[in-house]
Structure formats: structure tokens, C-alpha cells
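The structure under discussion appears below in the form of C-alpha cells.
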Amino acid sequence: MSQFHFDPDTYAELICEAIPAYDELQERVAAATEAVDARRILDLGAGTGATSRRVLARHPGARVIATDESERMLAQIELPGVERIVRRLEDPLPDGPFDLVVSALAVHHLDADGKRALFARVHEVLRPGGRFVLGDVVVAEESVAPLTEGYDMPDRADDQLEWLRAAGFDARLEWAVQDLALLVGDR
């Protein structure tokens with residue numbers, strides 16, 4: 001998996017044009033973290049740090065480990081309390097425990113088996129009472145997110161909820177619009 005078409009300098013503009021509900025998705029991801037007393041947070045597929053920025057605004061003083069496979073994207077993150085690690089979603093996760101794991105618009109790059117494996121690894125690094133918040137593209141009746149065959153591999157929200165539950169999460173769908181969904185899994 002490679003972010004061959006993402007330029008960190010134009011990513012924010014590109015994503016907002018391509019996904020009209022991008023800002024709402026990001027706000028909903030951050031809002032879904034508020035019930036957790038988060039001191040240590042893992043941001044998977046952090047890109048340029050949009051999710052980390054919003055989540056840190058709700059958890060001042062927390063430490064974030066931001067992972068992404070693109071060193072150029074991570075270099076755009078200039079936030080206090082953020083450690084950047086170049087790592088693919090398929091790679092082992094940083095050592096936990098984490099109070100909170102978040103991901104926005106990254107997990108859909110994994111196939112179904114990759115998502116199931118990631119959900120199990122996320123469950124392992126979350127502390128009991130921790131939360132996984134996933135905002136992503138899903139297969140839906142109305143699709144607006146531009147997808148690249150072989151690179152973007154969304155699955156139905158219902159299937160992902162089932163995989164989250166199989167990994168040990170108390171999982172629910174908190175929001176959906178068109179082909180975007182917010183899934184929350186509590187450990």
C-alpha cells in the first residue's frame with residue numbers, strides 16, 4: 001500500500017474537494033473521543049495530522065503517537081505532544097497500552113482480512129475501558145468518495161462492526177452519511 005497520489009502540500013485541499021463531508025467526519029471522530037480520559041493516544045494513518053489536531057484539542061496534555069506510511073505526510077505534523085512514526089497499517093502497532101486509538105480515512109486501504117487483523121491488534125494495545133474511533137469510507141448505496149481500484153478497498157459498515165465485535169469490542173455505528181461512517185468500539 002502506498003500513498004502514491006497524496007502530496008502533503010495539497011492534501012487538505014484535495015480531500016476537502018473530494019469528500020464534501022470531510023470536516024464533519026473529522027469533527028465527529030474527535031467528538032467521539034470525549035467520553036474517554038485519554039492521556040496516551042494512537043492515531044493510525046495520521047497523514048498530515050488533521051485528526052490528531054482535533055483530538056488533542058479535546059484532550060489537552062495528552063500524548064499522541066501518529067503513524068503513517070508516508071514520512072512526507074507525517075513531516076507536516078507540527079503539534080506539541082505528538083511523536084511521529086513511519087509505519088504501515090499492516091505493521092505491528094506501537095507498544096500500548098493506549099487510552100484511545102483513532103483513525104480517519106486510512107483503514108479503507110486494507111482488504112477485509114487486513115481490517116480484521118488490524119482490529120484485533122488495536123484491541124490488544126487498548127487498555128480496558130479504552131476506545132477505538134474509526135471514521136472511514138464504507139461501501140454504501142450512495143458513493144461520493146473517489147476510489148482507486150486496488151488501493152481503496154472499503155467494506156460495508158455492518159461487516160466492520162461484526163469484525164470489531166469478533167476482536168472483542170463493544171462496537172456501534174455512531175454516524176453515517178453517503179459512503180462515510182463513524183464506528184466506535186469500546187474495550
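Ordered as shown in the C-alpha cells, chains take letters A, B, and onward, while each chain numbers its residues from 1 and ligands are numbered from 1 in the order shown.
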Per residue of range 113-166 of chain A within 12 Å of range 31-50 of chain A, which atom pair is closest and at what distance in Å (one decimal), using only C-alpha atoms, listed by chain and increasing number, as a tab-separated table?
residue	atom	partner	partner_atom	distance
A:Leu118	CA	A:Leu44	CA	10.2
A:Phe119	CA	A:Leu44	CA	11.5
A:Arg121	CA	A:Leu44	CA	11.8
A:Val122	CA	A:Leu42	CA	9.4
A:Val125	CA	A:Leu42	CA	9.4
A:Leu126	CA	A:Leu42	CA	9.3
A:Arg127	CA	A:Arg40	CA	10.1
A:Pro128	CA	A:Val36	CA	11.3
A:Gly129	CA	A:Val36	CA	8.1
A:Gly130	CA	A:Val36	CA	7.0
A:Arg131	CA	A:Val36	CA	7.2
A:Phe132	CA	A:Thr33	CA	8.5
A:Val133	CA	A:Ala32	CA	6.8
A:Leu134	CA	A:Leu44	CA	9.4
A:Gly135	CA	A:Ala32	CA	10.0
A:Asp136	CA	A:Gly45	CA	11.2
Practice task
Using DSSP on the backbone coordinates, identify all residues within chain A classified as strand (DSSP E); present the result as a VMD selection string.
Solution key: chain A and resid 40 to 44 63 to 68 82 to 86 98 to 104 126 to 137 170 to 177 180 to 186
Problem - Which residue of A:Ala157, A:Ala62, A:Leu164, A:Val138 approaches Asp179 in chain A most closely, using only C-alpha atoms - result: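 With only C-alpha atoms as the atom set, the closest residue is A:Val138.
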Exercise for the section: Using DSSP on the backbone coordinates, identify the residues of range 3-158 of chain A assigned to alpha helix (DSSP H); present them as a PyMOL selection string. Expected result: chain A and resi 11-18+22-31+50-58+71-74+112-125+157-158
Problem - d(CA of Gly150 in chain A, CA of Thr67 in chain A) in Å - result: 21.9 Å
Exercise for the section: In Å, rounded to a single decimal, give me how far CA of Lys115 in chain A is from CA of Arg156 in chain A. Expected result: 11.7 Å
Problem - From A:Ala117, A:Val82, A:Ile65, A:Val107, residue lying nearest Pro94 in chain A [only C-alpha atoms] - result: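 Once distances to Pro94 in chain A are computed over only C-alpha atoms, the minimum belongs to A:Ile65.
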Exercise for the section: Within 7 Å of Ala167 in chain A, counting only C-alpha atoms, which residues show up once you throw out same-chain ones fewer than 4 positions away? Write them as a list in words, please. Expected result: Phe119, Ala120, His123 and Trp163 of chain A
Practice task
Just give me the gap between CA of Arg63 in chain A and CA of Pro154 in chain A in Å, one decimal is fine.
Solution key: 29.6 Å
